[in-house]
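Chemist: What follows is a single structure, and I will ask about it in a moment.
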Amino acid sequence: MIALDYLTIAFGGAIGAVLRYLVSRTINSLLPFSYIPLGTIIVNSVGSFFLSFLMFAAIEKVPLSEEAILFFGTGLLGAFTTFSTFTYETLSLIEESPARGVAYALANLLFAFTCAYFGMILGRGEGMKLLKIYLGEKDRHGGKPLFEYLVKRAYELGMKGVTVYRGIMGFGHKRHMHRGDFFSLSPDLPIVLEIVDEEERINLFLKEIDNIDFDGLVFIADVNVVKMG
């Protein structure tokens, strides 16, 4: 298994090294008279973007296998980017012109960190939230069941979707038992609304709840959406 990991990294690294050579050589040949060599800046920036995107997506959205991380992260992107060339070119430029050397070092760091940041944002994707609303079957608003009103408002506000659950038994902070058996002459069964959407839409919907007086529970949680169809 360890030998296979080494082979996976080596194969990815070989591809990454060749790609780095081709990209750097192409950029430097197209712009031979630039103030600072752009080839290394481009490969480090592009590599930082894709590595950040890959790792944050793997952690927070779609888990990747260890083999995929070794191939793409450690191997391909690890060999595609180059810190040693960056330091060598920086020192060489400083000997020729300190201003050029400093400008080159700052440009490398600025572009690489900026690209890594955007890779992180795209890798994480949309900030999705889970909104849960617990209320009673008898709760009303405008003469209609409250849960029906909330579902209708969620639809009108363009929410991605709402699911309503009807419980068979439960109690809240007032310790009043709700049940739907034969002995309950007037059952008030628990109703749960679940909404998964972007944080901005969730906050907009919460304003609807703030204007409604009902005895229930509302909470929000972070969620990782693997698939939404």
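Going by the structure tokens order, chains are called A, B, ..., each with residues numbered from 1, while ligands are numbered from 1 in the order shown.
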What lies within 10 Å of A:Phe83 using only C-alpha atoms, ignoring chain neighbours under 4 positions off, as a list in words?
Modeler: Thr40, Asn44, Gly78, Ala79, Thr87, Tyr88, Glu89 and Asn108 of chain A
Chemist: Given only C-alpha atoms as the basis, pick out the residue of A:Phe205, A:Tyr117, A:Phe214, A:Phe86 nearest to A:Phe50.
Modeler: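 Selected residue with least distance to A:Phe50: A:Tyr117.
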Chemist: For a quick check of understanding, using only C-alpha atoms, which of A:Ile36, A:Ile2, A:Ile59, A:Leu51 has the smallest distance to A:Ser97?
Modeler: A:Ile36
Chemist: Would you list the contacts of stretch 10-14 of chain A as a list in words, taking every protein, DNA or RNA residue within 6 Å and counting only C-alpha atoms, but skipping same-chain residues closer than 6 positions in sequence?
Modeler: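 Once the adjacent positions are removed, what remains is Phe71, Gly75, Leu76 and Ala79 of chain A.
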Chemist: To test your reading of the structure, identify every residue in stretch 14-227 of chain A that backbone DSSP assigns to strand (DSSP E or B), and report it as a PyMOL selection string.
Modeler: chain A and resi 128-136+140-141+144-145+162-166+169-171+177-179+190-198+217-222
Chemist: Got time to write the residues from that selection, N, CA, C and O atoms, as a short mmCIF file (atom, residue, chain, number, x, y, z; two decimals), in the first residue's frame?
Modeler:
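Generated file (result.cif):
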```cif
data_model
loop_
_atom_site.label_atom_id
_atom_site.label_comp_id
_atom_site.auth_asym_id
_atom_site.auth_seq_id
_atom_site.Cartn_x
_atom_site.Cartn_y
_atom_site.Cartn_z
N MET A 128 -24.54 27.21 3.05
CA MET A 128 -25.89 26.70 3.21
C MET A 128 -26.23 26.54 4.70
O MET A 128 -25.38 26.18 5.52
N LYS A 129 -27.48 26.83 5.01
CA LYS A 129 -27.96 26.74 6.38
C LYS A 129 -29.20 25.85 6.44
O LYS A 129 -29.96 25.76 5.47
N LEU A 130 -29.37 25.21 7.58
CA LEU A 130 -30.58 24.44 7.85
C LEU A 130 -31.41 25.22 8.86
O LEU A 130 -30.94 25.52 9.96
N LEU A 131 -32.63 25.55 8.48
CA LEU A 131 -33.58 26.22 9.37
C LEU A 131 -34.65 25.23 9.76
O LEU A 131 -35.29 24.62 8.91
N LYS A 132 -34.83 25.04 11.07
CA LYS A 132 -35.87 24.16 11.58
C LYS A 132 -36.83 24.96 12.44
O LYS A 132 -36.40 25.74 13.30
N ILE A 133 -38.12 24.76 12.19
CA ILE A 133 -39.16 25.46 12.94
C ILE A 133 -40.09 24.41 13.55
O ILE A 133 -40.70 23.61 12.83
N TYR A 134 -40.18 24.42 14.88
CA TYR A 134 -41.08 23.51 15.60
C TYR A 134 -42.30 24.32 16.04
O TYR A 134 -42.16 25.34 16.73
N LEU A 135 -43.48 23.85 15.68
CA LEU A 135 -44.71 24.52 16.11
C LEU A 135 -45.80 23.47 16.29
O LEU A 135 -45.57 22.28 16.15
N GLY A 136 -46.97 23.93 16.65
CA GLY A 136 -48.08 23.01 16.89
C GLY A 136 -49.04 22.97 15.71
O GLY A 136 -49.17 23.93 14.95
N ARG A 140 -52.23 28.99 14.31
CA ARG A 140 -52.91 29.59 13.17
C ARG A 140 -52.31 30.96 12.86
O ARG A 140 -51.72 31.63 13.71
N HIS A 141 -52.51 31.36 11.62
CA HIS A 141 -52.13 32.70 11.19
C HIS A 141 -53.05 33.10 10.04
O HIS A 141 -53.10 32.44 9.00
N LYS A 144 -55.66 30.43 8.96
CA LYS A 144 -55.19 29.19 8.34
C LYS A 144 -54.09 28.58 9.20
O LYS A 144 -53.48 29.27 10.01
N PRO A 145 -53.83 27.28 9.02
CA PRO A 145 -52.73 26.66 9.76
C PRO A 145 -51.41 27.41 9.50
O PRO A 145 -51.10 27.77 8.36
N VAL A 162 -38.96 23.36 0.98
CA VAL A 162 -39.42 23.22 2.36
C VAL A 162 -40.01 21.82 2.53
O VAL A 162 -40.70 21.31 1.64
N THR A 163 -39.71 21.20 3.66
CA THR A 163 -40.31 19.91 4.00
C THR A 163 -41.03 20.04 5.34
O THR A 163 -40.47 20.61 6.28
N VAL A 164 -42.26 19.53 5.41
CA VAL A 164 -43.06 19.61 6.64
C VAL A 164 -43.24 18.19 7.18
O VAL A 164 -43.62 17.27 6.46
N TYR A 165 -42.94 18.03 8.48
CA TYR A 165 -43.12 16.74 9.16
C TYR A 165 -44.22 16.89 10.21
O TYR A 165 -44.29 17.89 10.91
N ARG A 166 -45.03 15.87 10.33
CA ARG A 166 -46.09 15.83 11.36
C ARG A 166 -45.74 14.75 12.36
O ARG A 166 -45.65 13.56 12.02
N MET A 169 -45.97 12.37 18.52
CA MET A 169 -45.95 12.60 19.96
C MET A 169 -44.78 13.53 20.29
O MET A 169 -43.77 13.55 19.59
N GLY A 170 -44.93 14.34 21.36
CA GLY A 170 -43.83 15.20 21.76
C GLY A 170 -44.26 16.21 22.80
O GLY A 170 -45.45 16.35 23.11
N PHE A 171 -43.26 16.92 23.36
CA PHE A 171 -43.55 18.00 24.29
C PHE A 171 -42.47 19.06 24.15
O PHE A 171 -41.37 18.81 23.65
N MET A 177 -47.56 17.47 27.17
CA MET A 177 -47.44 16.35 26.25
C MET A 177 -48.47 16.45 25.13
O MET A 177 -49.67 16.64 25.39
N HIS A 178 -48.04 16.32 23.91
CA HIS A 178 -48.91 16.30 22.74
C HIS A 178 -48.87 14.90 22.14
O HIS A 178 -47.80 14.35 21.89
N ARG A 179 -50.05 14.35 21.92
CA ARG A 179 -50.12 13.01 21.35
C ARG A 179 -51.38 12.88 20.51
O ARG A 179 -52.33 13.63 20.68
N PRO A 190 -47.09 17.88 17.10
CA PRO A 190 -45.97 18.72 16.69
C PRO A 190 -45.82 18.75 15.17
O PRO A 190 -45.99 17.73 14.49
N ILE A 191 -45.49 19.90 14.66
CA ILE A 191 -45.20 20.11 13.24
C ILE A 191 -43.78 20.66 13.13
O ILE A 191 -43.40 21.57 13.87
N VAL A 192 -43.00 20.11 12.22
CA VAL A 192 -41.62 20.57 12.01
C VAL A 192 -41.46 20.98 10.55
O VAL A 192 -41.79 20.21 9.63
N LEU A 193 -40.96 22.18 10.33
CA LEU A 193 -40.61 22.65 9.00
C LEU A 193 -39.10 22.65 8.85
O LEU A 193 -38.39 23.14 9.73
N GLU A 194 -38.60 22.10 7.77
CA GLU A 194 -37.17 22.09 7.48
C GLU A 194 -36.91 22.84 6.18
O GLU A 194 -37.56 22.56 5.16
N ILE A 195 -35.96 23.77 6.23
CA ILE A 195 -35.58 24.53 5.04
C ILE A 195 -34.06 24.54 4.95
O ILE A 195 -33.39 24.89 5.92
N VAL A 196 -33.52 24.14 3.81
CA VAL A 196 -32.09 24.24 3.54
C VAL A 196 -31.90 25.22 2.40
O VAL A 196 -32.41 25.03 1.30
N ASP A 197 -31.18 26.29 2.68
CA ASP A 197 -31.02 27.34 1.66
C ASP A 197 -29.79 28.17 2.00
O ASP A 197 -29.12 27.96 3.00
N GLU A 198 -29.51 29.14 1.13
CA GLU A 198 -28.40 30.05 1.36
C GLU A 198 -28.71 30.93 2.57
O GLU A 198 -29.87 31.22 2.87
N LEU A 217 -40.20 26.57 18.60
CA LEU A 217 -38.74 26.61 18.61
C LEU A 217 -38.23 26.83 17.20
O LEU A 217 -38.71 26.21 16.25
N VAL A 218 -37.25 27.71 17.08
CA VAL A 218 -36.62 28.00 15.79
C VAL A 218 -35.12 27.93 15.98
O VAL A 218 -34.58 28.56 16.91
N PHE A 219 -34.43 27.16 15.12
CA PHE A 219 -32.97 27.17 15.21
C PHE A 219 -32.36 27.00 13.82
O PHE A 219 -32.99 26.51 12.88
N ILE A 220 -31.10 27.42 13.71
CA ILE A 220 -30.35 27.38 12.46
C ILE A 220 -29.06 26.59 12.69
O ILE A 220 -28.43 26.72 13.74
N ALA A 221 -28.66 25.81 11.71
CA ALA A 221 -27.41 25.05 11.79
C ALA A 221 -26.71 25.08 10.43
O ALA A 221 -27.36 25.19 9.39
N ASP A 222 -25.40 24.98 10.46
CA ASP A 222 -24.62 24.87 9.22
C ASP A 222 -24.78 23.46 8.66
O ASP A 222 -24.81 22.48 9.41
#
```
Chemist: Have a look at atom CA of A:Leu70 and atom CA of A:Leu110 and let me know their distance in Å, one decimal.
Modeler: 26.4 Å
Chemist: Considering only C-alpha atoms, state which residue in the set A:Arg20, A:Arg124, A:Cys115, A:Leu106 is at the smallest distance from A:Ser48.
Modeler: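 Closest candidate: A:Cys115.
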Chemist: Can you list, as a ChimeraX atom specification, every residue of stretch 17-164 of chain A that DSSP puts in alpha helix (DSSP H)?
Modeler: /A:17-30,38-60,66-68,78-80,83-96,98-124,146-156
Chemist: How would the residues just picked look written out with C-alpha atoms as a JSON list (two decimals), in the first residue's frame?
Modeler:
```
[["chain", "number", "residue", "atom", "x", "y", "z"],
["A", 17, "ALA", "CA", 6.53, 18.98, -13.37],
["A", 18, "VAL", "CA", 6.07, 18.71, -17.13],
["A", 19, "LEU", "CA", 3.07, 21.05, -17.01],
["A", 20, "ARG", "CA", 5.04, 23.58, -14.96],
["A", 21, "TYR", "CA", 7.90, 23.50, -17.46],
["A", 22, "LEU", "CA", 5.55, 23.97, -20.42],
["A", 23, "VAL", "CA", 3.54, 26.78, -18.81],
["A", 24, "SER", "CA", 6.58, 28.67, -17.49],
["A", 25, "ARG", "CA", 8.45, 28.37, -20.76],
["A", 26, "THR", "CA", 5.42, 29.48, -22.79],
["A", 27, "ILE", "CA", 4.72, 32.51, -20.57],
["A", 28, "ASN", "CA", 8.36, 33.62, -20.46],
["A", 29, "SER", "CA", 8.75, 33.22, -24.22],
["A", 30, "LEU", "CA", 5.60, 35.24, -24.91],
["A", 38, "LEU", "CA", 5.96, 35.92, -14.96],
["A", 39, "GLY", "CA", 6.24, 32.17, -15.57],
["A", 40, "THR", "CA", 6.82, 31.24, -11.93],
["A", 41, "ILE", "CA", 4.19, 33.72, -10.74],
["A", 42, "ILE", "CA", 1.60, 32.15, -13.03],
["A", 43, "VAL", "CA", 2.31, 28.53, -12.08],
["A", 44, "ASN", "CA", 2.40, 29.32, -8.34],
["A", 45, "SER", "CA", -0.84, 31.31, -8.54],
["A", 46, "VAL", "CA", -2.68, 28.71, -10.61],
["A", 47, "GLY", "CA", -1.38, 25.88, -8.45],
["A", 48, "SER", "CA", -2.35, 27.68, -5.24],
["A", 49, "PHE", "CA", -5.88, 28.22, -6.56],
["A", 50, "PHE", "CA", -6.47, 24.59, -7.53],
["A", 51, "LEU", "CA", -4.84, 23.13, -4.42],
["A", 52, "SER", "CA", -6.93, 25.37, -2.15],
["A", 53, "PHE", "CA", -10.06, 24.57, -4.15],
["A", 54, "LEU", "CA", -9.35, 20.83, -4.02],
["A", 55, "MET", "CA", -8.67, 20.63, -0.30],
["A", 56, "PHE", "CA", -11.54, 22.82, 0.90],
["A", 57, "ALA", "CA", -13.97, 21.06, -1.44],
["A", 58, "ALA", "CA", -12.76, 17.69, -0.12],
["A", 59, "ILE", "CA", -13.14, 18.79, 3.50],
["A", 60, "GLU", "CA", -16.48, 20.60, 3.29],
["A", 66, "GLU", "CA", -6.66, 9.42, -0.10],
["A", 67, "GLU", "CA", -5.36, 8.32, -3.49],
["A", 68, "ALA", "CA", -6.97, 11.30, -5.24],
["A", 78, "GLY", "CA", 2.91, 19.94, -5.54],
["A", 79, "ALA", "CA", 5.21, 19.54, -8.55],
["A", 80, "PHE", "CA", 3.38, 22.14, -10.62],
["A", 83, "PHE", "CA", 9.04, 27.50, -4.12],
["A", 84, "SER", "CA", 12.69, 26.76, -4.90],
["A", 85, "THR", "CA", 12.49, 28.49, -8.30],
["A", 86, "PHE", "CA", 10.73, 31.41, -6.67],
["A", 87, "THR", "CA", 13.50, 31.90, -4.08],
["A", 88, "TYR", "CA", 16.27, 31.44, -6.66],
["A", 89, "GLU", "CA", 14.74, 33.96, -9.06],
["A", 90, "THR", "CA", 14.15, 36.40, -6.21],
["A", 91, "LEU", "CA", 17.79, 36.30, -5.10],
["A", 92, "SER", "CA", 19.01, 36.57, -8.70],
["A", 93, "LEU", "CA", 16.85, 39.65, -9.30],
["A", 94, "ILE", "CA", 17.92, 41.25, -6.03],
["A", 95, "GLU", "CA", 21.56, 41.00, -7.12],
["A", 96, "GLU", "CA", 20.70, 42.74, -10.39],
["A", 98, "PRO", "CA", 16.85, 45.17, -5.41],
["A", 99, "ALA", "CA", 13.66, 46.90, -6.55],
["A", 100, "ARG", "CA", 12.94, 44.20, -9.14],
["A", 101, "GLY", "CA", 13.68, 41.44, -6.64],
["A", 102, "VAL", "CA", 11.35, 42.86, -4.02],
["A", 103, "ALA", "CA", 8.64, 43.54, -6.60],
["A", 104, "TYR", "CA", 8.93, 39.96, -7.86],
["A", 105, "ALA", "CA", 8.71, 38.46, -4.35],
["A", 106, "LEU", "CA", 5.71, 40.58, -3.41],
["A", 107, "ALA", "CA", 3.92, 39.82, -6.68],
["A", 108, "ASN", "CA", 4.46, 36.08, -6.20],
["A", 109, "LEU", "CA", 3.10, 36.13, -2.66],
["A", 110, "LEU", "CA", 0.21, 38.48, -3.41],
["A", 111, "PHE", "CA", -1.07, 36.60, -6.46],
["A", 112, "ALA", "CA", -0.56, 33.15, -4.88],
["A", 113, "PHE", "CA", -2.42, 34.05, -1.67],
["A", 114, "THR", "CA", -5.20, 35.81, -3.60],
["A", 115, "CYS", "CA", -5.71, 32.81, -5.85],
["A", 116, "ALA", "CA", -5.64, 30.46, -2.87],
["A", 117, "TYR", "CA", -8.30, 32.58, -1.17],
["A", 118, "PHE", "CA", -10.63, 32.44, -4.17],
["A", 119, "GLY", "CA", -9.97, 28.71, -4.45],
["A", 120, "MET", "CA", -11.08, 28.35, -0.84],
["A", 121, "ILE", "CA", -14.28, 30.35, -1.50],
["A", 122, "LEU", "CA", -15.20, 28.32, -4.58],
["A", 123, "GLY", "CA", -14.21, 25.05, -2.92],
["A", 124, "ARG", "CA", -16.52, 25.69, -0.02],
["A", 146, "LEU", "CA", -49.46, 28.42, 10.46],
["A", 147, "PHE", "CA", -47.35, 25.77, 8.75],
["A", 148, "GLU", "CA", -49.34, 26.23, 5.53],
["A", 149, "TYR", "CA", -48.78, 29.99, 5.67],
["A", 150, "LEU", "CA", -45.03, 29.52, 6.20],
["A", 151, "VAL", "CA", -44.72, 27.08, 3.32],
["A", 152, "LYS", "CA", -46.59, 29.47, 1.04],
["A", 153, "ARG", "CA", -44.39, 32.40, 2.07],
["A", 154, "ALA", "CA", -41.25, 30.32, 1.54],
["A", 155, "TYR", "CA", -42.46, 29.53, -1.97],
["A", 156, "GLU", "CA", -43.22, 33.19, -2.69]]
```
Chemist: Considering only C-alpha atoms, state which residue in the set A:Met159, A:Leu189, A:Leu64, A:Leu4 is at the smallest distance from A:Asn203.
Modeler: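 Of A:Met159, A:Leu189, A:Leu64, A:Leu4, the one nearest A:Asn203, counting only C-alpha atoms, is A:Met159.
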Chemist: For a test of reading the model, state the distance in Å between atom CA of A:Leu206 and atom CA of A:Ile168, rounded to one decimal.
Modeler: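 Pair atom CA of A:Leu206 / atom CA of A:Ile168 returns 26.3 Å.
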Chemist: Any idea what the distance is between atom CA of A:Pro63 and atom CA of A:Ile9?
Modeler: 18.9 Å
